[in-house]
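To keep things clear, I will list the structure first and then write my remarks on it.
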Amino acid sequence: MFPLPPEDRTLSPYTGWTRAHWAAVADGLLAAVEPYRSADGAVITLPGRESWSRCDGLEGYARTFLLAAFRVAGGGPEELLAPYARGLESGPGVWQPIEDRTQPMVEAASIALSLWLTRERLWDRLSPATRDRVAAYLAGALRHEPVDNNWWLFPAMVGGFLSAVGLHAEEAAAAVERGLARIEPWYAGDGWYADGDNRSFDHYNGWAMHLYPALLAHLSGQGSPGPRLRRFLESYALTFDQDGRMLYQGRSLTYRFASATSLFAGALLDATPLSPGQTRRIASGVLRRFLDEGALSPEGLLTLGWHGPHEPSLQSYSGSASPYWASKAFLGLLLPAGHPVWTAPEEPGPTGLAALPGPGLVVQHTGDVARLLNHGSQHHPGDPLYDRYAYSTRTAPTTGVPDNHFGVVGPDGTVAGRGTITPRGAGSAGDLAWAASAGAGVESLSVVRGAVEVRVHRVAPGSAVRQSGWALVTAAAPADRAYPTDLADLADPVGGPGARVRDGDGLVSELVAVRGYSRAHVADDPEGSAFGAPAAVPVLEGVAADGWAVSAAVLSSAPAGAASAAGDDITPSVPTAAVTADEITLTWPDGTRHTFQVRAPAA
C-alpha cells in the first residue's frame with residue numbers, strides 16, 4: 001500500500017478516508033507505473049498477460065494519463081503531466097492505428113479526455129506541429145466504425161475535444177451527435193441503458209453509458225444527461241453494501257472501483273439523489289475495500305482479477321493495463337476540496353428496494369448484503385456473469401456447481417441452461433418487490449421481502465428439477481455445516497431445513513423447499529469463486545408433479561452467537577404457497593398475502 005494520510009474518523013466515521021486519501025492513492029498508482037514507461041514516454045507496458053488487442057502499452061499510457069489528468073485538473077501537481085506530454089511527441093508514430101472496431105479507439109477517448117481536462121496546462125503548451133500530429137491520430141476515431149455498444153461514446157468524446165480546440169470540427173461535431181443518437185434506443189427506462197442490442201445491463205451503465213454524456217455536458221455544455229443520471233443513481237446506489245463491496249455481476253469486473261465513477265458524476269452535475277456524505281461514504285468504501293483486500297501487487301500495480309489475481313473474472317480483451325480503467329473513479333477529484341462531497345460528514349448509503357421494469361431487475365440493499373435479482377440482463381446465453389437469477393456483493397458465480405440456477409434435469413442427469421431470457425416485468429408493493437422472465441421451457445418469478453427471496457418456476461408437469469442457492473466460500477469441515485435430511489421424510493416440507501452453509505464471516509446461505517422439491521444437499525465446488533475456494537452451494541432437487549417448483553433463498557449475516565448445527569433455526573420464516581391455474585398466492589407468517597400470475601411455459 002502507498003503512504004496515506006492519517007485517518008479522519010470525525011469527518012469520515014465509516015471509512016476514515018478524505019479527499020487527501022484519494023489524492024495519495026492517485027499519486028501512488030501513478031508512481032508505480034513509471035518504471036514500465038518506454039524511453040520516449042509513449043507506452044507503459046506493465047507485467048502480466050497480453051490482451052487480444054496487443055496494444056497493452058497504449059492502454060497503459062492512455063488509462064494512467066486519465067488518472068493524472070483528473071489529479072491535475074483537481075489541483076494536483078502539474079509535473080504529473082510531464083511524462084505524458086513527452087509521450088505525445090512520439091506517440092502518434094508509435095501507437096497502433098485506429099481502425100474499425102479496434103482497441104486504439106477506446107484509448108483515444110481517454111487521451112482526448114485527458115487533454116481536454118488539462119488543456120491549459122498541457123495541450124495549449126504543445127508545439128503546433130505536435131498538436132496537429134496528435135489531433136490527426138485522434139481523428140481516426142471519427143472515421144472508423146466502433147463496436148455497436150458503449151464504444152459509440154469513444155468517438156463522441158474524441159469529437160468533443162477536437163471541437164473544443166477547433167480541429168477537424170465538422171467531423172468532430174458529427175461524431176458527438178452520432179454517438180449520443182446511437183445509444184438512445186438502448187435506454188430501457190428507470191435510468192438504465194443496455195450496452196448494445198443484447199440487453200446487457202451491468203456496470204457499463206455507470207462507467208460508460210452515463211459517464212461520457214455527463215463529461216460531455218460538463219466540459220462542453222452539450223446535452224442534458226442529468227435527469228437520467230439521477231434516476232439511475234436512485235437504484236444503482238443500492239448495489240453497494242455497508243462495507244464498501246460492489247455488486248459482482250457482468251463483464252470487466254477487473255475495473256473494480258470504477259464502479260464509483262457515476263456517483264461522483266452525479267455530484268459533478270448536481271444530478272444525484274444522494275447526500276454529499278453518502279456519495280463519499282460509498283465511493284471511499286469501495287476504493288478502500290479493494291485496496292485492503294489485495295487488489296495491488298507488491299509493486300503497487302493493479303492486478304488482473306477481483307480482490308487479487310483471478311482469471312475467471314477476466315475476458316479475452318483483458319490485458320495487463322486493463323484494470324486502470326479504474327482511473328475513472330478519480331473523477332471525484334474534479335470536485336474541489338471545498339465541495340460538500342469532501343466536507344460533509346460521511347453518512348450511510350441508502351437501503352431498501354427498487355423494482356426496475358425497464359431492465360427487468362430488482363435491486364435490494366439490506367445493510368449487510370446488496371443483491372440484484374436478474375430477469376432481464378443477458379450478454380449471451382450461458383455466460384455466468386449474466387445468466388444467474390441473482391447476484392450479490394458478497395458472493396460470485398461458481399461454475400463447477402452453478403449457483404443461483406434453476407433447470408430441468410434430463411435423463412442423463414444434465415441440468416438445462418437458462419436459455420434466452422425474455423423479461424415478463426417487474427414491480428413492487430410496499431416492502432415487497434418482484435421480477436419475472438421466461439427461459440428455455442421455464443417461466444420464472446422472483447419475489448423478495450426482507451431477507452427472504454421466493455423463487456417460483458413453472459415447467460412441464462412431471463419434470464425433474466434442480467435449484468441452487470447462494471455459493472459461499474467455506475473451509476469448514478462437513479460436520480460443521482448444516483446438511484439437511486431428505487425432505488421426502490418430512491410431513492410438511494414448507495419451512496423445512498433445506499440446505500444451509502455458512503462462511504467464516506458469519507454469512508449464511510440457506511435454501512428451503514416450499515413446493516416441488518423432495519431432496520436437499522450441499523454441493524462442493526473445489527474451484528470456488530472470485531471470493532476464494534472451495535465453495536459450497538445449497539441445492540434442492542425433486543420432481544415438479546404439477547409443474548410448480550417453489551423455494552425460498554436467504555443470504556444474510558447470522559445472528560451473533562448463532563450455532564451451525566442443523567437444528568438451529570436462523571432462517572427467517574418463509575411463506576406458504578397455494579397455486580390455482582396460472583396463479584400462485586404466497587402467504588407470509590404475518591398473514592400478508594400476495595398473488596402473482598405465472599403462465600405455463602410454452603410447449
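Note on naming: chains are A, B, ... as they come in the C-alpha cells, residues start from 1 per chain, ligands start from 1 in the order shown.
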Q. Hey, what's within 8 Å of region 65-75 of chain A if we count only C-alpha atoms and toss same-chain stuff fewer than 2 positions away? As a list of chain:residue names, please?
A.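 In the requested form, the answer reads A:Ala23, A:Ala26, A:Leu30, A:Tyr61, A:Ala62, A:Arg63, A:Pro77, A:Glu78, A:Leu80, A:Leu81, A:Tyr84, A:Ser110, A:Ile111, A:Leu113, A:Ser114, A:Leu115, A:Leu117, A:Thr118, A:Ser327, A:Lys328, A:Phe330, A:Leu331, A:Leu333, A:Leu334, A:Leu335, A:Pro336.
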So that I have them on file, write out the residues from the current selection with C-alpha atoms, as a short mmCIF file (atom, residue, chain, number, x, y, z; two decimals), in the first residue's frame.
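Okay, this is what ended up in part36.cif:
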data_model
loop_
_atom_site.label_atom_id
_atom_site.label_comp_id
_atom_site.auth_asym_id
_atom_site.auth_seq_id
_atom_site.Cartn_x
_atom_site.Cartn_y
_atom_site.Cartn_z
CA ALA A 23 -5.09 12.10 -3.96
CA ALA A 26 -3.74 8.50 -7.29
CA LEU A 30 0.98 6.85 -10.99
CA TYR A 61 -0.34 5.17 -21.36
CA ALA A 62 -3.92 6.26 -22.01
CA ARG A 63 -5.56 4.91 -18.86
CA PRO A 77 0.93 18.99 -9.20
CA GLU A 78 1.36 19.79 -12.90
CA LEU A 80 2.48 14.65 -13.15
CA LEU A 81 1.68 15.56 -16.76
CA TYR A 84 2.59 12.16 -20.75
CA SER A 110 -9.05 8.55 -22.72
CA ILE A 111 -6.24 10.53 -24.36
CA LEU A 113 -10.48 13.44 -22.39
CA SER A 114 -7.16 13.83 -20.58
CA LEU A 115 -6.10 16.60 -22.96
CA LEU A 117 -9.33 18.24 -18.81
CA THR A 118 -5.81 19.68 -18.76
CA SER A 327 -8.83 5.57 -13.03
CA LYS A 328 -12.30 6.85 -13.90
CA PHE A 330 -10.83 9.67 -9.64
CA LEU A 331 -13.25 11.92 -11.49
CA LEU A 333 -11.08 14.91 -7.71
CA LEU A 334 -12.72 17.33 -10.15
CA LEU A 335 -14.84 18.30 -7.17
CA PRO A 336 -12.75 20.93 -5.35
#
Spatial neighbours of Tyr236 (chain A), max dist 10 Å, only C-alpha atoms, sep filter under 2 positions, as a PDB file with N, CA and C atoms, in the first residue's frame:
ATOM      1  N   GLY A 191     -33.574   4.792 -15.661  1.00  0.00           N
ATOM      2  CA  GLY A 191     -32.198   5.258 -15.597  1.00  0.00           C
ATOM      3  C   GLY A 191     -31.180   4.309 -16.195  1.00  0.00           C
ATOM      4  N   TRP A 192     -31.600   3.168 -16.716  1.00  0.00           N
ATOM      5  CA  TRP A 192     -30.668   2.129 -17.168  1.00  0.00           C
ATOM      6  C   TRP A 192     -30.635   2.017 -18.689  1.00  0.00           C
ATOM      7  N   HIS A 203     -22.338  -2.936 -15.099  1.00  0.00           N
ATOM      8  CA  HIS A 203     -21.610  -1.767 -14.620  1.00  0.00           C
ATOM      9  C   HIS A 203     -21.243  -0.787 -15.734  1.00  0.00           C
ATOM     10  N   ASN A 205     -23.230   0.743 -17.386  1.00  0.00           N
ATOM     11  CA  ASN A 205     -24.131   1.876 -17.202  1.00  0.00           C
ATOM     12  C   ASN A 205     -23.423   3.020 -16.504  1.00  0.00           C
ATOM     13  N   GLY A 206     -22.735   2.694 -15.413  1.00  0.00           N
ATOM     14  CA  GLY A 206     -22.116   3.737 -14.615  1.00  0.00           C
ATOM     15  C   GLY A 206     -20.821   4.260 -15.173  1.00  0.00           C
ATOM     16  N   LEU A 229     -29.327  10.379 -15.214  1.00  0.00           N
ATOM     17  CA  LEU A 229     -28.279  10.004 -14.265  1.00  0.00           C
ATOM     18  C   LEU A 229     -28.842   9.971 -12.846  1.00  0.00           C
ATOM     19  N   ARG A 230     -29.623  10.948 -12.491  1.00  0.00           N
ATOM     20  CA  ARG A 230     -30.236  10.973 -11.165  1.00  0.00           C
ATOM     21  C   ARG A 230     -31.135   9.740 -10.962  1.00  0.00           C
ATOM     22  N   ARG A 231     -31.930   9.432 -11.968  1.00  0.00           N
ATOM     23  CA  ARG A 231     -32.817   8.272 -11.874  1.00  0.00           C
ATOM     24  C   ARG A 231     -32.008   6.986 -11.733  1.00  0.00           C
ATOM     25  N   PHE A 232     -30.925   6.870 -12.482  1.00  0.00           N
ATOM     26  CA  PHE A 232     -30.067   5.701 -12.402  1.00  0.00           C
ATOM     27  C   PHE A 232     -29.496   5.531 -11.004  1.00  0.00           C
ATOM     28  N   LEU A 233     -29.001   6.607 -10.429  1.00  0.00           N
ATOM     29  CA  LEU A 233     -28.360   6.520  -9.128  1.00  0.00           C
ATOM     30  C   LEU A 233     -29.339   6.147  -8.017  1.00  0.00           C
ATOM     31  N   GLU A 234     -30.623   6.403  -8.211  1.00  0.00           N
ATOM     32  CA  GLU A 234     -31.613   6.010  -7.211  1.00  0.00           C
ATOM     33  C   GLU A 234     -31.566   4.514  -6.939  1.00  0.00           C
ATOM     34  N   LEU A 238     -28.075   1.369  -4.471  1.00  0.00           N
ATOM     35  CA  LEU A 238     -28.467   0.229  -3.637  1.00  0.00           C
ATOM     36  C   LEU A 238     -27.623  -1.013  -3.918  1.00  0.00           C
ATOM     37  N   THR A 239     -26.766  -0.961  -4.927  1.00  0.00           N
ATOM     38  CA  THR A 239     -25.959  -2.137  -5.272  1.00  0.00           C
ATOM     39  C   THR A 239     -24.623  -2.170  -4.526  1.00  0.00           C
ATOM     40  N   PHE A 240     -24.409  -1.255  -3.584  1.00  0.00           N
ATOM     41  CA  PHE A 240     -23.220  -1.252  -2.741  1.00  0.00           C
ATOM     42  C   PHE A 240     -23.635  -1.551  -1.307  1.00  0.00           C
ATOM     43  N   LEU A 247     -21.325  -4.793  -6.432  1.00  0.00           N
ATOM     44  CA  LEU A 247     -22.010  -5.956  -6.971  1.00  0.00           C
ATOM     45  C   LEU A 247     -21.101  -6.717  -7.934  1.00  0.00           C
ATOM     46  N   SER A 259     -16.527   1.390 -10.488  1.00  0.00           N
ATOM     47  CA  SER A 259     -17.957   1.361 -10.176  1.00  0.00           C
ATOM     48  C   SER A 259     -18.411   2.603  -9.423  1.00  0.00           C
ATOM     49  N   SER A 262     -19.856   6.902 -11.441  1.00  0.00           N
ATOM     50  CA  SER A 262     -21.124   7.602 -11.666  1.00  0.00           C
ATOM     51  C   SER A 262     -21.622   8.299 -10.413  1.00  0.00           C
ATOM     52  N   LEU A 263     -21.209   7.834  -9.235  1.00  0.00           N
ATOM     53  CA  LEU A 263     -21.593   8.510  -8.001  1.00  0.00           C
ATOM     54  C   LEU A 263     -21.017   9.925  -7.997  1.00  0.00           C
ATOM     55  N   ALA A 354     -35.688  -1.566  -4.983  1.00  0.00           N
ATOM     56  CA  ALA A 354     -36.083  -0.877  -6.205  1.00  0.00           C
ATOM     57  C   ALA A 354     -36.394  -1.909  -7.272  1.00  0.00           C
ATOM     58  N   VAL A 363     -33.238  -4.540  -7.341  1.00  0.00           N
ATOM     59  CA  VAL A 363     -32.046  -4.360  -6.525  1.00  0.00           C
ATOM     60  C   VAL A 363     -32.491  -4.110  -5.090  1.00  0.00           C
ATOM     61  N   GLN A 364     -31.698  -4.631  -4.160  1.00  0.00           N
ATOM     62  CA  GLN A 364     -32.032  -4.523  -2.747  1.00  0.00           C
ATOM     63  C   GLN A 364     -30.758  -4.370  -1.929  1.00  0.00           C
TER      64      GLN A 364
END
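The smallest atom-to-atom distance between Ala435 (chain A) and any of A:Ser320, A:Ser90, A:Thr303, A:Thr422, using only C-alpha atoms, is found for A:Thr422.
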Q: Would you mind listing what lies within 8 Å of Ala188 (chain A) as a VMD selection string, with only C-alpha atoms counted and same-chain residues fewer than 6 positions away left out?
A: chain A and resid 194 358 to 359
Selected residues, N, CA, C and O atoms, written as a compact mmCIF listing (two decimals), in the first residue's frame, please.
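Result written to result.txt:
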# COMPACT_ATOMS: atom_id res chain seq x y z
N ALA A 194 -29.12 -0.46 -21.90
CA ALA A 194 -28.49 -1.70 -22.33
C ALA A 194 -27.19 -1.35 -23.04
O ALA A 194 -27.10 -0.31 -23.70
N GLY A 358 -37.95 -1.64 -16.69
CA GLY A 358 -37.24 -1.48 -17.96
C GLY A 358 -36.18 -2.53 -18.18
O GLY A 358 -36.25 -3.32 -19.14
N PRO A 359 -35.18 -2.59 -17.32
CA PRO A 359 -34.17 -3.65 -17.49
C PRO A 359 -34.60 -5.01 -16.96
O PRO A 359 -33.92 -6.01 -17.21
Q: Mind checking which residues fall within 7 Å of Leu304 (chain A), counting only C-alpha atoms, ignoring those fewer than 4 positions away in the same chain, and posting them as a PyMOL selection string?
A: chain A and resi 254+309-310+320+323
Contact residues around region 535-542 of chain A with only C-alpha atoms at 7 Å, ignoring same-chain residues under 2 positions, as a PDB file with N, CA and C atoms, in the first residue's frame:
ATOM      1  N   ASP A 403     -24.242 -21.689  -9.168  1.00  0.00           N
ATOM      2  CA  ASP A 403     -25.047 -21.109  -8.100  1.00  0.00           C
ATOM      3  C   ASP A 403     -26.275 -20.420  -8.664  1.00  0.00           C
ATOM      4  N   ALA A 464     -38.242 -33.430 -13.728  1.00  0.00           N
ATOM      5  CA  ALA A 464     -37.242 -33.425 -12.661  1.00  0.00           C
ATOM      6  C   ALA A 464     -36.554 -32.066 -12.683  1.00  0.00           C
ATOM      7  N   VAL A 465     -36.368 -31.471 -11.509  1.00  0.00           N
ATOM      8  CA  VAL A 465     -35.854 -30.108 -11.448  1.00  0.00           C
ATOM      9  C   VAL A 465     -34.743 -29.996 -10.410  1.00  0.00           C
ATOM     10  N   ARG A 466     -33.939 -28.961 -10.570  1.00  0.00           N
ATOM     11  CA  ARG A 466     -32.833 -28.703  -9.645  1.00  0.00           C
ATOM     12  C   ARG A 466     -32.697 -27.196  -9.451  1.00  0.00           C
ATOM     13  N   GLN A 467     -32.659 -26.763  -8.208  1.00  0.00           N
ATOM     14  CA  GLN A 467     -32.487 -25.352  -7.853  1.00  0.00           C
ATOM     15  C   GLN A 467     -31.281 -25.217  -6.941  1.00  0.00           C
ATOM     16  N   SER A 468     -30.408 -24.251  -7.237  1.00  0.00           N
ATOM     17  CA  SER A 468     -29.270 -23.990  -6.360  1.00  0.00           C
ATOM     18  C   SER A 468     -29.411 -22.617  -5.726  1.00  0.00           C
ATOM     19  N   GLY A 469     -28.685 -22.423  -4.632  1.00  0.00           N
ATOM     20  CA  GLY A 469     -28.748 -21.163  -3.905  1.00  0.00           C
ATOM     21  C   GLY A 469     -27.448 -20.395  -3.997  1.00  0.00           C
ATOM     22  N   TRP A 470     -27.238 -19.530  -3.021  1.00  0.00           N
ATOM     23  CA  TRP A 470     -26.049 -18.685  -2.989  1.00  0.00           C
ATOM     24  C   TRP A 470     -24.822 -19.505  -2.612  1.00  0.00           C
ATOM     25  N   ALA A 471     -23.743 -19.339  -3.356  1.00  0.00           N
ATOM     26  CA  ALA A 471     -22.498 -20.056  -3.086  1.00  0.00           C
ATOM     27  C   ALA A 471     -21.642 -19.257  -2.107  1.00  0.00           C
ATOM     28  N   LEU A 472     -21.161 -19.925  -1.073  1.00  0.00           N
ATOM     29  CA  LEU A 472     -20.280 -19.287  -0.105  1.00  0.00           C
ATOM     30  C   LEU A 472     -18.942 -19.991  -0.057  1.00  0.00           C
ATOM     31  N   VAL A 473     -17.902 -19.220   0.136  1.00  0.00           N
ATOM     32  CA  VAL A 473     -16.567 -19.786   0.314  1.00  0.00           C
ATOM     33  C   VAL A 473     -16.447 -20.213   1.773  1.00  0.00           C
ATOM     34  N   THR A 474     -16.172 -21.492   1.980  1.00  0.00           N
ATOM     35  CA  THR A 474     -16.083 -22.002   3.335  1.00  0.00           C
ATOM     36  C   THR A 474     -15.056 -23.100   3.408  1.00  0.00           C
ATOM     37  N   ALA A 499     -31.184 -26.651   2.840  1.00  0.00           N
ATOM     38  CA  ALA A 499     -29.734 -26.802   2.878  1.00  0.00           C
ATOM     39  C   ALA A 499     -29.129 -25.471   3.271  1.00  0.00           C
ATOM     40  N   ARG A 500     -28.121 -25.526   4.135  1.00  0.00           N
ATOM     41  CA  ARG A 500     -27.569 -24.293   4.671  1.00  0.00           C
ATOM     42  C   ARG A 500     -26.054 -24.390   4.758  1.00  0.00           C
ATOM     43  N   VAL A 501     -25.384 -23.275   4.403  1.00  0.00           N
ATOM     44  CA  VAL A 501     -23.935 -23.167   4.578  1.00  0.00           C
ATOM     45  C   VAL A 501     -23.623 -21.813   5.196  1.00  0.00           C
ATOM     46  N   GLU A 510     -29.016 -20.058   2.779  1.00  0.00           N
ATOM     47  CA  GLU A 510     -29.955 -21.146   3.040  1.00  0.00           C
ATOM     48  C   GLU A 510     -30.959 -21.237   1.898  1.00  0.00           C
ATOM     49  N   LEU A 511     -31.306 -22.451   1.564  1.00  0.00           N
ATOM     50  CA  LEU A 511     -32.271 -22.721   0.504  1.00  0.00           C
ATOM     51  C   LEU A 511     -33.300 -23.696   1.055  1.00  0.00           C
ATOM     52  N   GLY A 516     -42.540 -28.786  -4.630  1.00  0.00           N
ATOM     53  CA  GLY A 516     -41.968 -29.426  -5.806  1.00  0.00           C
ATOM     54  C   GLY A 516     -40.581 -29.998  -5.623  1.00  0.00           C
ATOM     55  N   TYR A 517     -40.023 -29.931  -4.414  1.00  0.00           N
ATOM     56  CA  TYR A 517     -38.695 -30.488  -4.150  1.00  0.00           C
ATOM     57  C   TYR A 517     -38.791 -31.523  -3.032  1.00  0.00           C
ATOM     58  N   SER A 518     -37.985 -32.568  -3.139  1.00  0.00           N
ATOM     59  CA  SER A 518     -38.014 -33.626  -2.129  1.00  0.00           C
ATOM     60  C   SER A 518     -36.656 -33.935  -1.520  1.00  0.00           C
ATOM     61  N   ARG A 519     -35.592 -33.386  -2.076  1.00  0.00           N
ATOM     62  CA  ARG A 519     -34.247 -33.674  -1.571  1.00  0.00           C
ATOM     63  C   ARG A 519     -33.437 -32.388  -1.490  1.00  0.00           C
ATOM     64  N   ALA A 520     -32.529 -32.343  -0.534  1.00  0.00           N
ATOM     65  CA  ALA A 520     -31.659 -31.185  -0.377  1.00  0.00           C
ATOM     66  C   ALA A 520     -30.273 -31.649   0.042  1.00  0.00           C
ATOM     67  N   HIS A 521     -29.266 -30.946  -0.433  1.00  0.00           N
ATOM     68  CA  HIS A 521     -27.913 -31.244  -0.008  1.00  0.00           C
ATOM     69  C   HIS A 521     -27.028 -30.029  -0.262  1.00  0.00           C
ATOM     70  N   VAL A 522     -25.811 -30.098   0.214  1.00  0.00           N
ATOM     71  CA  VAL A 522     -24.812 -29.066  -0.056  1.00  0.00           C
ATOM     72  C   VAL A 522     -23.798 -29.646  -1.030  1.00  0.00           C
ATOM     73  N   ALA A 523     -23.623 -28.963  -2.155  1.00  0.00           N
ATOM     74  CA  ALA A 523     -22.665 -29.407  -3.174  1.00  0.00           C
ATOM     75  C   ALA A 523     -21.379 -28.606  -3.040  1.00  0.00           C
ATOM     76  N   ASP A 524     -20.273 -29.280  -3.183  1.00  0.00           N
ATOM     77  CA  ASP A 524     -18.961 -28.636  -3.095  1.00  0.00           C
ATOM     78  C   ASP A 524     -18.435 -28.300  -4.488  1.00  0.00           C
ATOM     79  N   ASP A 525     -17.897 -27.087  -4.622  1.00  0.00           N
ATOM     80  CA  ASP A 525     -17.237 -26.662  -5.848  1.00  0.00           C
ATOM     81  C   ASP A 525     -15.785 -26.339  -5.510  1.00  0.00           C
ATOM     82  N   PRO A 526     -14.860 -27.235  -5.826  1.00  0.00           N
ATOM     83  CA  PRO A 526     -13.454 -27.023  -5.450  1.00  0.00           C
ATOM     84  C   PRO A 526     -12.846 -25.763  -6.049  1.00  0.00           C
ATOM     85  N   GLY A 528     -14.292 -22.918  -6.507  1.00  0.00           N
ATOM     86  CA  GLY A 528     -14.748 -21.748  -5.789  1.00  0.00           C
ATOM     87  C   GLY A 528     -15.190 -20.610  -6.686  1.00  0.00           C
ATOM     88  N   SER A 529     -14.998 -19.386  -6.196  1.00  0.00           N
ATOM     89  CA  SER A 529     -15.450 -18.193  -6.908  1.00  0.00           C
ATOM     90  C   SER A 529     -14.406 -17.095  -6.764  1.00  0.00           C
ATOM     91  N   ALA A 533     -11.715 -20.205  -2.611  1.00  0.00           N
ATOM     92  CA  ALA A 533     -12.027 -21.610  -2.861  1.00  0.00           C
ATOM     93  C   ALA A 533     -11.675 -22.422  -1.613  1.00  0.00           C
ATOM     94  N   ALA A 544     -41.346 -31.897 -10.109  1.00  0.00           N
ATOM     95  CA  ALA A 544     -42.448 -30.945 -10.063  1.00  0.00           C
ATOM     96  C   ALA A 544     -43.674 -31.611 -10.675  1.00  0.00           C
TER      97      ALA A 544
END
